[in-house]
Amino acid sequence: MLDEQYACDVFSIKIMRSYLSKGVYKKFMETMRKGHKLDPSIANEIAQAMKQWAVDHGATHYAHWFQPLNGSTAEKHDAFLEPDSEGNLILEFTGKNLVQGEPDASSFPSGGLRATFEARGYTAWDPTSPAFIKRTPNSATLCIPTAFCSYTGEALDKKTPLLRSMCAVSRQASRVLACFGRPELEVVSNLGAEQEYFLVDKELYKQRPDLIMCGRTLFGNVPPKHQQMEDHYFGCIKDRVLEYMTAVDHALWRLGIPAKTRHNEVAPGQFEIAPNYEQLNVAVDHNMLIMEVLRKEASKHGLVCLLHEKPFAGINGSGKHNNWSLSADGIGSIFNPGKNPHENAIFLTFLAAVIEAIDLHADLLRASISKYGNDHRLGANEAPPAIISIFLGDQLEEIIQQLKLGGGATSSRSGGTMNVGVDTLPDLPKDTSDRNRTSPFAFTGNKFEFRAVGSSQTCAWPMTVLNTIVAESLDRIANILEPVAGKPEFQKTLQKLLQDIIVKHDRVIFNGDGYNDAWVEEAERRGLPHIRTTTEALKVLDSAKTLALFTKYGVMNEAEIHARREVQEEIYVKEIAIEAKTAIDMIETLYLPAVTKQMKQLAETITAIKASGISAGLEAAVSTANKVGALYDRLPGLLDNLRASRTKTSEDIKSALEDARKVIDALEKATADNLWPVPNYDQLLFI
């Protein structure tokens with residue numbers, strides 16, 4: 001039964017209630033739900049309960065599960081077993097074991113926060129994200145979500161700044177709500193992350209060193225038919241894939257992850273999974289687990305899951321659409337406009353805060369989704385452009401324009417119904433606005449969809465940035481409204497405030513086609529930043545504005561900000577360097593030998609034709625040999641260029657890789673299929 005299976009491997013609130021005493025349970029709920037500091041006196045009882053539950057479910061080890069700056073997850077397993085003085089084994093797990101661990105901090109990327117000889121670091125239990133059990137066929141490990149910090153207290157992970165940003169935006173949002181007569185409301189950040197991915201056959205994957213080493217194909221031609229017939233998106237899911245998806249769903253449900261939607265995506269071999277909305281911190285943890293489960297289950301089904309943003313050139317890449325909102329008890333989603341959004345002052349105020357935040361910090365938001373893989377995807381007329389803008393839709397656009405003119409908003413467009421002209425079908429309710437799939441940051445009814453996040457990225461960093469920049473705007477709004485809250489001049493002050501924000505920042509609103517070249521020109525005219533590469537984007541992390549933002553709200557200090565830039569740049573450089581070495585190896589060990597065989601066969605064919613005295617076919621054979629030979633002659637020079645580029649800049653390497661790809665892809669078209677040494681796109685995409 002699904003209800004029995006769901007969250008069966010999670011130390012959930014329901015499980016806690018049955019394993020903890022009433023007093024400890026009550027105190028722990030105050031920490032989980034209200035953000036109160038954990039009472040150290042209850043840690044031992046919680047640890048004993050957690051251990052007993054885990055052992056009852058087959059666990060022999062526990063691990064502090066954390067998210068270092070490399071963008072992955074990490075864990076060190078310790079057995080519950082401890083020998084006593086008589087040589088017997090006992091099961092031990094104390095409050096100290098639960099609350100704090102000590103992994104090696106110098107073996108993870110730190111951006112200079114830790115040196116090799118400064119190895120001490122700490123993991124600290126995050127009680128707001130539930131512990132869970134990871135299983136393999138013959139093992140079970142209790143995993144405890146934790147933060148990871150250095151001996152000197154700096155955050156060495158993605159989780160800690162995220163938690164700080166959640167506190168920051170909650171504090172400022174609560175101040176604004178209090179101005180509207182809704183005091184002491186806790187505001188919660190929420191997220192639903194849609195995850196796109198590709199599947200390829202495992203045996204074919206093993207024959208592609210570029211997929212193994214780089215996560216994407218460095219060489220390969222688009223097949224005659226790929227996505228241009230638009231027949232894969234939402235198409236019938238093949239049995240092999242559906243069996244895999246079903247296994248993924250069941251594995252996720254056991255972990256309490258509310259996997260909801262599964263379907264074919266636009267490109268052949270591309271798919272999507274989407275969970276229900278959750279509290280932001282938990283949703284980020286769950287997305288990291290979703291990516292892990294996608295990879296593990298694929299292997300069991302003879303498949304490999306590719307999470308790279310652009311594994312195949314010439315067809316759609318993969319993103320991770322971050323659906324973000326704020327909510328509060330008694331209000332629900334603060335971004336729910338209601339039936340008459342022009343009368344919803346709280347909604348309009350928070351909407352204005354987001355507009356201001358995105359316009360003021362478009363460059364920082366762009367930096368938050370920067371990585372080498374995403375550079376291949378953004379702006380490629382298949383994904384949101386590298387220009388950050390907001391889509392609001394017709395209804396909100398009209399309201400925004402009313403606010404801009406002064407006098408307040410007085411009306412809202414209604415949705416109505418739509419008759420599709422079939423007697424047996426009911427009239428359908430029609431939304432007040434259409435959707436825009438080309439916008440990087442789109443309003444979608446009661447939330448914002450940040451569509452530019454890359455598929456392999458953790459959601460933590462983009463959401464940390466988003467929370468913090470919105471916190472800043474809400475802080476500014478609260479400072480203006482608090483002095484007049486409850487006074488007759490409140491409405492006039494609010495109206496003037498909203499008008500000022502829209503007048504200054506509506507340039508960031510764009511409801512049109514983000515894929516159109518005309519938008520690039522229009523964005524430039526508006527003064528919006530168009531940041532094309534990771535290298536360019538990361539510069540903003542060194543700016544005084546960024547430092548002031550993060551330090552003011554306690555999200556990161558100067559050293560932590562600098563560390564993140566250094567780590568991201570290091571990863572960027574290393575990924576490109578790995579691609580260069582992989583390309584050299586593939587050309588030397590795979591493509592050169594294959595083309596040599598092709599040349600040999602062509603020479604033998606030409607010799608045989610000449611010896612036979614038959615002239616027919618000779619011209620074609622010579623022409624083919626000359627074509628292949630001309631490309632073949634270029635390979636040594638391309639190898640020299642690639643080798644030389646490795647001692648230069650990343651941009652030089654990227655240029656050398658592109659030059660090599662053009663020749664190799666041309667050779668693929670000119671070489672016999674039975675001689676080509678790696679599976680081509682035709683084989684990889686159509687599983």
# chains A, B, ... in the order shown; residues from 1 in each chain; ligands from 1
$ residues_around --residues "Asp78 in chain A" --least-positions-apart "2" --cutoff "8 Å" --atoms "only C-alpha atoms" --output "list of chain:residue names"
A:His61, A:Tyr62, A:Ala63, A:Lys76, A:Phe80
$ closest_atom_pairs --of "range 455-569 of chain A" --to "range 282-290 of chain A" --cutoff "12 Å" --atoms "only C-alpha atoms" --output "CSV"
residue,atom,partner,partner_atom,distance
A:Ser455,CA,A:Asn287,CA,10.5
A:Ser456,CA,A:Met288,CA,9.5
A:Gln457,CA,A:Met288,CA,9.0
A:Thr458,CA,A:Met288,CA,6.8
A:Cys459,CA,A:Val284,CA,5.8
A:Ala460,CA,A:Val284,CA,6.1
A:Trp461,CA,A:Val284,CA,9.9
A:Pro462,CA,A:Val284,CA,10.7
A:Met463,CA,A:Val284,CA,9.1
A:Thr464,CA,A:Val284,CA,10.8
$ residues_around --residues "Arg120 in chain A" --least-positions-apart "6" --cutoff "10 Å" --atoms "only C-alpha atoms" --output "PyMOL selection string"
chain A and resi 102-106+114+149-152
$ residues_around --residues "Lys202 in chain A" --least-positions-apart "6" --cutoff "6 Å" --atoms "only C-alpha atoms" --output "NGL selection string"
:A and (302-304)
$ closest_residue --among "A:Phe93, A:Trp676, A:Phe443, A:Tyr122" --to "Leu396 in chain A" --atoms "only C-alpha atoms"
A:Phe443
$ closest_residue --among "A:Ala478, A:Val266, A:Leu306, A:Val540" --to "Phe234 in chain A" --atoms "only C-alpha atoms"
A:Val266
